[in-house]
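File shown: model-v2.cif. Contents: mmCIF, C-alpha atoms and all ligand atoms.
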```cif
data_data
loop_
_atom_site.label_atom_id
_atom_site.label_comp_id
_atom_site.auth_asym_id
_atom_site.auth_seq_id
_atom_site.Cartn_x
_atom_site.Cartn_y
_atom_site.Cartn_z
CA MET A 982 19.95 21.14 101.22
CA GLY A 983 18.93 24.02 98.98
CA ILE A 984 15.80 26.09 98.44
CA ARG A 985 12.34 25.69 96.97
CA ILE A 986 9.77 28.06 95.53
CA LEU A 987 6.79 28.30 97.90
CA GLY A 988 4.73 30.70 95.81
CA ILE A 989 4.85 32.99 92.78
CA GLY A 990 2.79 36.09 92.01
CA SER A 991 2.74 38.95 89.56
CA TYR A 992 0.99 42.24 89.00
CA VAL A 993 0.57 44.48 85.98
CA PRO A 994 -1.26 47.81 85.95
CA GLU A 995 -4.61 48.01 84.16
CA LYS A 996 -3.76 50.61 81.54
CA VAL A 997 -2.73 49.13 78.19
CA LEU A 998 -0.65 51.25 75.81
CA THR A 999 -0.66 49.80 72.30
CA ASN A 1000 1.68 50.47 69.40
CA PHE A 1001 -1.21 52.31 67.75
CA ASP A 1002 -1.41 54.62 70.79
CA LEU A 1003 2.33 55.28 70.40
CA GLU A 1004 1.85 56.16 66.73
CA LYS A 1005 -0.08 59.20 67.98
CA MET A 1006 2.70 60.21 70.41
CA VAL A 1007 5.96 59.85 68.39
CA ASP A 1008 7.03 59.24 64.79
CA THR A 1009 6.76 55.45 64.79
CA SER A 1010 4.54 52.65 63.50
CA ASP A 1011 3.04 49.42 64.77
CA GLU A 1012 4.85 47.70 61.90
CA TRP A 1013 8.31 49.06 62.92
CA ILE A 1014 7.86 48.20 66.59
CA LYS A 1015 6.51 44.72 65.89
CA THR A 1016 9.17 43.73 63.37
CA ARG A 1017 12.12 45.18 65.36
CA THR A 1018 11.03 44.09 68.83
CA GLY A 1019 7.97 41.79 68.82
CA ILE A 1020 6.18 44.20 71.17
CA GLU A 1021 2.49 44.93 70.53
CA GLN A 1022 1.45 46.53 73.81
CA ARG A 1023 2.72 47.31 77.30
CA ARG A 1024 1.15 48.17 80.67
CA ILE A 1025 1.48 51.64 82.17
CA ALA A 1026 1.06 52.36 85.88
CA ALA A 1027 -1.33 55.06 87.09
CA ALA A 1028 0.19 58.37 88.17
CA GLU A 1029 -0.47 57.58 91.84
CA GLN A 1030 1.09 54.09 91.65
CA ALA A 1031 4.74 53.83 92.65
CA THR A 1032 6.99 50.80 92.16
CA SER A 1033 6.25 49.63 95.73
CA ASP A 1034 2.53 49.49 94.84
CA LEU A 1035 3.22 47.24 91.85
CA ALA A 1036 5.55 45.14 94.05
CA CYS A 1037 2.84 44.92 96.71
CA GLY A 1038 0.31 43.55 94.21
CA ALA A 1039 2.75 40.81 93.12
CA ALA A 1040 3.93 40.04 96.66
CA ALA A 1041 0.39 39.62 98.01
CA LYS A 1042 -0.33 37.02 95.30
CA ALA A 1043 2.97 35.20 95.91
CA LEU A 1044 2.28 35.05 99.67
CA GLU A 1045 -1.24 33.75 98.98
CA ALA A 1046 0.13 31.08 96.62
CA ALA A 1047 2.70 30.11 99.27
CA GLY A 1048 0.01 30.00 101.94
CA ILE A 1049 2.05 32.05 104.39
CA LYS A 1050 1.57 35.35 106.24
CA ALA A 1051 3.78 38.38 105.66
CA GLU A 1052 4.94 38.18 109.32
CA GLU A 1053 6.64 34.87 108.51
CA LEU A 1054 9.09 36.51 106.10
CA ASP A 1055 12.69 36.85 107.29
CA ALA A 1056 13.80 39.10 104.45
CA ILE A 1057 12.48 41.10 101.49
CA ILE A 1058 14.70 41.89 98.50
CA VAL A 1059 13.35 44.29 95.88
CA ALA A 1060 15.21 44.42 92.56
CA SER A 1061 14.46 47.61 90.65
CA ILE A 1062 15.94 50.52 88.71
CA THR A 1063 12.81 52.59 89.34
CA VAL A 1064 12.77 52.71 93.14
CA ASP A 1065 10.08 54.86 94.79
CA GLN A 1066 12.75 57.35 95.91
CA ILE A 1067 16.56 57.25 96.28
CA PHE A 1068 16.13 56.37 99.94
CA PRO A 1069 14.61 54.84 102.04
CA SER A 1070 14.58 51.56 100.16
CA THR A 1071 11.50 50.46 98.25
CA ALA A 1072 11.81 47.18 100.15
CA CYS A 1073 11.21 49.04 103.44
CA ILE A 1074 8.25 50.91 101.95
CA LEU A 1075 6.87 47.57 100.76
CA GLN A 1076 7.49 45.97 104.16
CA LYS A 1077 5.09 48.47 105.73
CA LYS A 1078 2.44 47.87 103.06
CA LEU A 1079 2.64 44.11 103.56
CA GLY A 1080 2.96 44.19 107.36
CA ALA A 1081 6.09 42.02 107.13
CA LYS A 1082 7.31 43.26 110.51
CA ASN A 1083 9.88 40.49 111.11
CA ALA A 1084 11.78 40.92 107.85
CA PHE A 1085 14.99 42.82 107.11
CA CYS A 1086 14.61 44.61 103.82
CA PHE A 1087 16.85 46.01 101.13
CA ASP A 1088 16.90 46.97 97.47
CA LEU A 1089 19.19 45.42 94.90
CA GLU A 1090 20.11 47.15 91.66
CA ALA A 1091 21.28 45.06 88.73
CA ALA A 1092 18.89 46.43 86.06
CA CYS A 1093 17.21 43.68 84.03
CA SER A 1094 19.28 40.98 85.78
CA GLY A 1095 17.95 42.15 89.16
CA LEU A 1096 15.51 39.32 89.90
CA LEU A 1097 18.14 36.65 89.15
CA TYR A 1098 20.72 38.47 91.30
CA ALA A 1099 18.10 38.58 94.09
CA LEU A 1100 17.42 34.85 93.68
CA GLU A 1101 21.15 34.11 94.02
CA VAL A 1102 21.39 36.26 97.17
CA ALA A 1103 18.28 34.67 98.71
CA ASN A 1104 19.59 31.20 97.85
CA SER A 1105 22.87 31.99 99.60
CA LEU A 1106 21.13 33.41 102.70
CA LEU A 1107 18.73 30.48 103.01
CA THR A 1108 21.32 27.77 102.50
CA ALA A 1109 24.08 29.39 104.59
CA ASN A 1110 22.15 30.55 107.61
CA LYS A 1111 19.81 28.52 109.79
CA LYS A 1112 17.90 31.54 111.07
CA TYR A 1113 16.55 32.58 107.64
CA LYS A 1114 13.64 30.38 106.58
CA LYS A 1115 11.48 32.41 104.20
CA ILE A 1116 12.52 35.19 101.83
CA LEU A 1117 10.46 37.26 99.41
CA VAL A 1118 12.25 38.37 96.23
CA ILE A 1119 10.62 40.79 93.82
CA GLY A 1120 11.46 42.41 90.52
CA ALA A 1121 9.33 45.53 90.16
CA GLU A 1122 9.50 48.43 87.75
CA LYS A 1123 7.63 51.58 86.86
CA LEU A 1124 9.76 52.17 83.77
CA SER A 1125 7.17 54.59 82.40
CA SER A 1126 8.51 57.04 85.02
CA ILE A 1127 12.06 57.10 83.52
CA VAL A 1128 11.24 56.77 79.83
CA ASP A 1129 11.59 59.83 77.62
CA TRP A 1130 8.18 59.86 75.94
CA GLU A 1131 9.62 62.11 73.19
CA ASP A 1132 12.37 59.61 72.24
CA ARG A 1133 10.97 57.04 69.81
CA SER A 1134 14.11 54.88 70.00
CA THR A 1135 13.44 53.99 73.65
CA CYS A 1136 9.84 54.84 74.60
CA VAL A 1137 8.37 52.04 72.48
CA LEU A 1138 10.35 49.36 74.32
CA PHE A 1139 9.39 49.53 77.98
CA GLY A 1140 6.47 48.73 80.29
CA ASP A 1141 5.52 48.48 83.98
CA GLY A 1142 4.92 45.43 86.18
CA ALA A 1143 6.15 43.25 89.02
CA GLY A 1144 6.91 39.58 89.66
CA ALA A 1145 7.49 38.00 93.09
CA LEU A 1146 8.69 34.68 94.50
CA VAL A 1147 8.49 33.41 98.06
CA LEU A 1148 11.43 31.11 98.74
CA GLY A 1149 11.92 28.64 101.56
CA LYS A 1150 14.38 25.98 102.67
CA CYS A 1151 14.13 22.47 101.23
CA ARG A 1152 13.01 19.55 103.35
CA ASN A 1153 15.31 17.23 101.37
CA THR A 1154 17.92 17.54 98.61
CA GLU A 1155 15.47 16.30 95.96
CA GLU A 1156 13.40 19.46 96.43
CA ASN A 1157 16.24 21.85 95.65
CA CYS A 1158 15.13 24.09 92.78
CA ILE A 1159 18.36 25.93 91.99
CA VAL A 1160 20.59 23.48 90.13
CA ALA A 1161 23.26 25.88 88.87
CA SER A 1162 23.87 29.59 88.42
CA ASN A 1163 26.19 32.03 86.72
CA LEU A 1164 26.31 35.77 87.39
CA GLY A 1165 28.56 38.41 85.91
CA SER A 1166 29.11 42.12 85.35
CA ASP A 1167 31.27 44.31 83.15
CA GLY A 1168 31.69 47.91 84.32
CA HIS A 1169 33.42 48.92 81.10
CA TYR A 1170 30.03 49.40 79.48
CA THR A 1171 28.31 51.62 82.05
CA ASP A 1172 27.64 54.27 79.41
CA ILE A 1173 25.62 52.23 76.89
CA LEU A 1174 22.60 51.88 79.18
CA GLN A 1175 22.10 54.49 81.87
CA ILE A 1176 20.25 57.40 83.46
CA PRO A 1177 22.99 60.03 83.42
CA ALA A 1178 21.73 62.43 86.12
CA GLY A 1179 20.02 62.38 89.50
CA GLY A 1180 22.81 60.68 91.45
CA SER A 1181 25.89 62.05 93.24
CA ARG A 1182 27.88 62.55 90.02
CA LEU A 1183 25.30 64.80 88.40
CA PRO A 1184 22.68 65.89 90.96
CA ALA A 1185 19.37 67.19 89.66
CA SER A 1186 19.58 70.79 88.44
CA ALA A 1187 17.77 73.04 86.00
CA GLU A 1188 20.50 72.14 83.49
CA THR A 1189 20.15 68.34 83.85
CA ILE A 1190 16.40 68.67 83.42
CA ALA A 1191 16.78 70.91 80.36
CA ASN A 1192 19.24 68.36 78.90
CA ARG A 1193 16.76 65.49 79.54
CA GLN A 1194 19.42 63.63 81.55
CA HIS A 1195 16.96 62.04 83.98
CA TYR A 1196 15.63 59.70 81.33
CA LEU A 1197 16.87 56.25 80.35
CA ALA A 1198 19.47 56.49 77.59
CA MET A 1199 20.52 53.48 75.53
CA ALA A 1200 22.85 52.68 72.64
CA GLY A 1201 20.38 50.13 71.26
CA SER A 1202 22.39 48.15 68.73
CA GLU A 1203 25.46 47.92 71.02
CA VAL A 1204 23.28 46.64 73.85
CA PHE A 1205 21.73 44.15 71.44
CA LYS A 1206 25.12 42.59 70.55
CA CYS A 1207 26.38 42.49 74.16
CA ALA A 1208 23.06 40.99 75.33
CA VAL A 1209 23.19 38.04 72.95
CA THR A 1210 26.87 37.26 73.60
CA ALA A 1211 26.59 37.52 77.39
CA MET A 1212 23.39 35.48 77.77
CA VAL A 1213 24.59 32.68 75.47
CA HIS A 1214 27.96 32.47 77.26
CA SER A 1215 26.33 32.51 80.69
CA CYS A 1216 23.70 29.88 79.78
CA LYS A 1217 26.38 27.56 78.40
CA LYS A 1218 28.33 27.84 81.67
CA VAL A 1219 25.23 26.97 83.69
CA LEU A 1220 24.34 23.97 81.52
CA LYS A 1221 27.92 22.73 81.75
CA GLU A 1222 28.01 23.14 85.54
CA ALA A 1223 24.73 21.20 85.81
CA GLY A 1224 25.74 18.55 83.27
CA ILE A 1225 22.49 19.20 81.36
CA ALA A 1226 22.15 19.33 77.56
CA ALA A 1227 20.19 22.18 75.92
CA GLU A 1228 17.65 19.60 74.62
CA GLU A 1229 16.76 18.71 78.20
CA VAL A 1230 15.58 22.28 78.94
CA ARG A 1231 11.76 22.50 78.97
CA TRP A 1232 11.67 26.30 78.91
CA LEU A 1233 14.29 28.91 78.19
CA VAL A 1234 12.94 31.89 80.16
CA PRO A 1235 14.91 34.92 78.99
CA HIS A 1236 14.56 38.51 80.13
CA GLN A 1237 11.91 39.84 77.74
CA ALA A 1238 13.84 42.62 75.98
CA ASN A 1239 13.18 42.02 72.32
CA TYR A 1240 12.04 38.87 70.51
CA ARG A 1241 14.97 39.13 68.10
CA ILE A 1242 17.40 38.92 71.03
CA LEU A 1243 15.47 35.97 72.50
CA ARG A 1244 15.45 34.11 69.19
CA ALA A 1245 19.17 34.76 68.65
CA VAL A 1246 20.01 33.44 72.14
CA ALA A 1247 17.82 30.35 71.71
CA GLY A 1248 19.25 29.67 68.23
CA ARG A 1249 22.85 29.77 69.48
CA LEU A 1250 21.97 27.45 72.36
CA GLY A 1251 20.18 25.02 70.04
CA ILE A 1252 16.83 25.50 71.79
CA PRO A 1253 13.81 25.52 69.40
CA GLU A 1254 11.52 28.56 69.43
CA THR A 1255 8.73 26.43 70.92
CA GLY A 1256 10.93 26.02 73.99
CA VAL A 1257 11.35 29.77 74.54
CA TYR A 1258 8.86 31.40 76.90
CA MET A 1259 7.84 34.79 75.50
CA ASN A 1260 5.34 37.40 76.62
CA VAL A 1261 7.23 40.45 75.31
CA SER A 1262 4.39 41.12 72.85
CA ARG A 1263 2.02 41.84 75.76
CA TYR A 1264 4.27 43.59 78.30
CA GLY A 1265 7.34 44.94 76.47
CA ASN A 1266 10.59 45.13 78.42
CA THR A 1267 9.76 45.35 82.14
CA SER A 1268 13.42 45.05 83.24
CA ALA A 1269 13.73 43.31 86.64
CA ALA A 1270 10.04 42.31 86.57
CA SER A 1271 10.09 40.38 83.30
CA ILE A 1272 11.28 36.93 84.39
CA GLY A 1273 8.91 37.01 87.39
CA LEU A 1274 5.99 37.77 85.06
CA CYS A 1275 6.97 34.77 82.90
CA LEU A 1276 7.37 32.41 85.86
CA ASP A 1277 3.98 33.37 87.24
CA GLU A 1278 2.34 32.64 83.88
CA ILE A 1279 4.14 29.30 83.67
CA ALA A 1280 3.06 28.39 87.22
CA ARG A 1281 -0.58 29.50 86.92
CA GLY A 1282 -0.94 28.07 83.43
CA GLY A 1283 0.44 24.68 84.53
CA LEU A 1284 3.00 24.96 81.72
CA ALA A 1285 5.76 23.07 83.53
CA LYS A 1286 5.63 19.84 85.48
CA PRO A 1287 7.70 18.80 88.49
CA GLY A 1288 11.24 17.92 87.46
CA ASP A 1289 11.23 20.10 84.30
CA TYR A 1290 14.32 22.25 83.76
CA LEU A 1291 13.80 25.98 83.26
CA LEU A 1292 16.80 28.00 82.12
CA LEU A 1293 16.40 31.61 83.27
CA THR A 1294 18.70 34.19 81.70
CA ALA A 1295 18.90 37.96 81.86
CA PHE A 1296 20.98 40.88 80.76
CA GLY A 1297 20.87 44.55 81.68
CA GLY A 1298 22.53 47.87 82.40
CA GLY A 1299 25.81 47.80 84.26
CA LEU A 1300 26.42 45.67 82.31
CA THR A 1301 25.06 42.78 84.30
CA TRP A 1302 24.01 39.28 83.30
CA ALA A 1303 22.82 36.17 85.08
CA SER A 1304 21.56 32.67 84.33
CA ILE A 1305 19.96 30.20 86.70
CA LEU A 1306 18.93 26.63 85.96
CA LEU A 1307 15.75 25.90 87.90
CA LYS A 1308 14.29 22.46 88.54
CA TRP A 1309 10.52 22.94 88.69
N1 LIG B 1401 10.01 53.88 65.12
C1 LIG B 1401 10.48 54.06 63.87
N2 LIG B 1401 11.79 54.15 63.58
C2 LIG B 1401 12.65 54.08 64.63
C3 LIG B 1401 12.20 53.91 65.95
C4 LIG B 1401 10.82 53.80 66.18
N3 LIG B 1401 10.32 53.61 67.39
N4 LIG B 1401 13.29 53.85 66.76
C5 LIG B 1401 14.38 53.99 65.98
N5 LIG B 1401 13.99 54.14 64.69
C6 LIG B 1401 14.81 54.30 63.51
C7 LIG B 1401 16.18 54.86 63.81
O1 LIG B 1401 16.13 56.26 63.90
C8 LIG B 1401 17.01 54.38 62.66
O2 LIG B 1401 16.77 55.23 61.58
P1 LIG B 1401 17.96 55.63 60.56
O3 LIG B 1401 18.42 54.34 59.95
O4 LIG B 1401 17.30 56.56 59.60
O5 LIG B 1401 19.01 56.26 61.43
C9 LIG B 1401 16.38 53.02 62.31
O6 LIG B 1401 15.08 53.04 62.93
C10 LIG B 1401 17.16 51.83 62.80
O7 LIG B 1401 17.55 52.00 64.15
P2 LIG B 1401 18.41 50.94 64.90
O8 LIG B 1401 18.75 51.47 66.26
O9 LIG B 1401 19.53 50.46 64.03
O10 LIG B 1401 17.36 49.73 65.04
P3 LIG B 1401 17.61 48.31 65.59
O11 LIG B 1401 17.26 47.31 64.55
O12 LIG B 1401 18.94 48.15 66.29
O13 LIG B 1401 16.48 48.18 66.72
C11 LIG B 1401 16.27 48.33 69.11
C12 LIG B 1401 16.50 49.11 67.81
C13 LIG B 1401 14.89 47.71 69.04
C14 LIG B 1401 16.34 49.31 70.26
C15 LIG B 1401 17.33 47.23 69.27
O14 LIG B 1401 18.62 47.76 69.07
C16 LIG B 1401 17.31 46.58 70.63
O15 LIG B 1401 16.38 45.86 70.98
N6 LIG B 1401 18.35 46.76 71.46
C17 LIG B 1401 18.46 46.13 72.76
C18 LIG B 1401 17.59 46.74 73.80
C19 LIG B 1401 17.69 45.91 75.05
O16 LIG B 1401 17.78 44.71 75.01
N7 LIG B 1401 17.73 46.47 76.20
C20 LIG B 1401 17.86 45.55 77.34
C21 LIG B 1401 18.28 46.13 78.48
S1 LIG B 1401 17.16 47.35 79.06
C22 LIG B 1401 17.65 47.66 80.67
O17 LIG B 1401 18.62 47.17 81.17
C23 LIG B 1401 16.80 48.62 81.44
#
```
Rewrite the structure of this file - the entire thing - as structure tokens.
Amino acid sequence: MGIRILGIGSYVPEKVLTNFDLEKMVDTSDEWIKTRTGIEQRRIAAAEQATSDLACGAAAKALEAAGIKAEELDAIIVASITVDQIFPSTACILQKKLGAKNAFCFDLEAACSGLLYALEVANSLLTANKKYKKILVIGAEKLSSIVDWEDRSTCVLFGDGAGALVLGKCRNTEENCIVASNLGSDGHYTDILQIPAGGSRLPASAETIANRQHYLAMAGSEVFKCAVTAMVHSCKKVLKEAGIAAEEVRWLVPHQANYRILRAVAGRLGIPETGVYMNVSRYGNTSAASIGLCLDEIARGGLAKPGDYLLLTAFGGGLTWASILLKW
């Protein structure tokens, strides 16, 4: 019968880093950042906060909104490229923090598309298997921990945060919130968005540290072109599968990478700018967390009404992309 959203929550750290702060750190300007990306500020986690702490803040609010206890969760999926440590999973670390003792827990890595990949997996688990009734999915990132703060071409783009959704089974078909989905990957472009070292191919060494290979590296303009093409193509497939016209979409909720990318995607889909949900100016690119942050603002702000269509779309390293048409 499908799935429904029981509760949404988000968390951002207190510390705000503005473009003017960045002007003092690297050779950049508020003007350059704003005109190229739309970003004005981003949140930065405290040194003692790990990704699981940000995830915990969002999860607690999502559980509260759903009105359920952590013990009721059957599974926890954490989407992140900034896991607390390579293993154990951040989902297991979070499980302990939440006291979700009846859940099985795992991490999912699909970069900025991570939350939508997690939604697709949770949807499949909940609809295919009677024994799973409630699943927590979270996109959480401490990107400040993998950003090279000496590289102006990347450090101005990213921020920290987390967004969480508690999902449950529908009581009838009318309640089903996932109308259509499209997910894809293209491994031919692994090198345009990556952290080169720290895995089995290039374990950490004095040399990898000296070469700054543990930081996020990105071929910005190539990513830009791939992002627009992939998201537009994927959104069109979803709309076609659902039999919905672009004009019927209340909100396009894209991964918040760069307002120029978001405007280009919306323009090619024929969705007016007023129909594009954007908070990139306040949070920057928070990778897997970004769509969760948007959905929480939409929910808490009462910005969508029951029956509205929300078209979620994301794109990230891998390359990965995903679009999901939600019925609110
Ligand atoms: N301040 C000032 N100048 C800068 C800065 C900065 N922060 N960064 C770069 N520049 C300079 C460059 O050095 C270059 O100078 P040059 O012409 O003298 O060589 C000039 O600005 C233009 O650089 P471009 O890279 O061509 O700028 P562009 O317009 O492409 O914007 C940007 C760069 C914002 C990174 C853009 O390409 C972009 O948004 N790309 C996509 C990023 C993205 O979507 N990532 C999503 C996935 S993230 C993930 O999966 C984790």
Need the neighbours of (28.3, 50.9, 80.2): which residues are at most 12 Å away, counting only C-alpha atoms, as number ranges by chain? A: 1092, 1166-1177, 1198-1201, 1203-1204, 1207, 1297-1301
Keeping only C-alpha atoms, write the selected residues as an mmCIF file, in the coordinates of the input.
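Wrote it out as result.cif, contents follow:
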```
data_model
loop_
_atom_site.group_PDB
_atom_site.id
_atom_site.type_symbol
_atom_site.label_atom_id
_atom_site.label_comp_id
_atom_site.auth_asym_id
_atom_site.auth_seq_id
_atom_site.Cartn_x
_atom_site.Cartn_y
_atom_site.Cartn_z
ATOM 1 C CA ALA A 1092 18.890 46.430 86.060
ATOM 2 C CA SER A 1166 29.110 42.120 85.350
ATOM 3 C CA ASP A 1167 31.270 44.310 83.150
ATOM 4 C CA GLY A 1168 31.690 47.910 84.320
ATOM 5 C CA HIS A 1169 33.420 48.920 81.100
ATOM 6 C CA TYR A 1170 30.030 49.400 79.480
ATOM 7 C CA THR A 1171 28.310 51.620 82.050
ATOM 8 C CA ASP A 1172 27.640 54.270 79.410
ATOM 9 C CA ILE A 1173 25.620 52.230 76.890
ATOM 10 C CA LEU A 1174 22.600 51.880 79.180
ATOM 11 C CA GLN A 1175 22.100 54.490 81.870
ATOM 12 C CA ILE A 1176 20.250 57.400 83.460
ATOM 13 C CA PRO A 1177 22.990 60.030 83.420
ATOM 14 C CA ALA A 1198 19.470 56.490 77.590
ATOM 15 C CA MET A 1199 20.520 53.480 75.530
ATOM 16 C CA ALA A 1200 22.850 52.680 72.640
ATOM 17 C CA GLY A 1201 20.380 50.130 71.260
ATOM 18 C CA GLU A 1203 25.460 47.920 71.020
ATOM 19 C CA VAL A 1204 23.280 46.640 73.850
ATOM 20 C CA CYS A 1207 26.380 42.490 74.160
ATOM 21 C CA GLY A 1297 20.870 44.550 81.680
ATOM 22 C CA GLY A 1298 22.530 47.870 82.400
ATOM 23 C CA GLY A 1299 25.810 47.800 84.260
ATOM 24 C CA LEU A 1300 26.420 45.670 82.310
ATOM 25 C CA THR A 1301 25.060 42.780 84.300
#
```
From (21.5, 33.5, 66.5), in the file's coordinates, out to 12 Å: which residues are reached, counting only C-alpha atoms? Answer as a PyMOL selection string. chain A and resi 1205-1206+1208-1210+1212-1213+1240-1254
Polymer residues at most 10 Å from Thr999 in chain A, all atoms listed in the file, same-chain spacing of 3 or more positions, as a PDB file with C-alpha atoms, in the frame of the given file:
```
ATOM      1  CA  LYS A 996      -3.760  50.610  81.540  1.00  0.00           C
ATOM      2  CA  ASP A1002      -1.410  54.620  70.790  1.00  0.00           C
ATOM      3  CA  LEU A1003       2.330  55.280  70.400  1.00  0.00           C
ATOM      4  CA  GLU A1004       1.850  56.160  66.730  1.00  0.00           C
ATOM      5  CA  ASP A1011       3.040  49.420  64.770  1.00  0.00           C
ATOM      6  CA  ILE A1020       6.180  44.200  71.170  1.00  0.00           C
ATOM      7  CA  GLU A1021       2.490  44.930  70.530  1.00  0.00           C
ATOM      8  CA  GLN A1022       1.450  46.530  73.810  1.00  0.00           C
ATOM      9  CA  ARG A1023       2.720  47.310  77.300  1.00  0.00           C
ATOM     10  CA  ARG A1024       1.150  48.170  80.670  1.00  0.00           C
ATOM     11  CA  VAL A1137       8.370  52.040  72.480  1.00  0.00           C
ATOM     12  CA  ARG A1263       2.020  41.840  75.760  1.00  0.00           C
ATOM     13  CA  TYR A1264       4.270  43.590  78.300  1.00  0.00           C
TER      14      TYR A1264
END
```
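When CA of Arg985 in chain A is paired with CA of Leu1106 in chain A, their separation reads 13.0 Å.
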Could you tell me which of A:Gly1019, A:Gly1142, A:Gly1038, A:Pro994 comes closest to ligand LIG 1401 (chain B) if we count all atoms listed in the file?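 The closest residue to ligand LIG 1401 (chain B) is A:Gly1019.
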Using the file's own x, y and z axes, so that the box edges lie along x, y and z, what centre and edge lengths in Å (one decimal) does a box around every listed atom of range 1064-1082 of chain A get when 6 Å is added on each side? Give it as JSON.
```
{"center_x": 9.5, "center_y": 49.7, "center_z": 101.8, "size_x": 26.1, "size_y": 27.3, "size_z": 29.4}
```
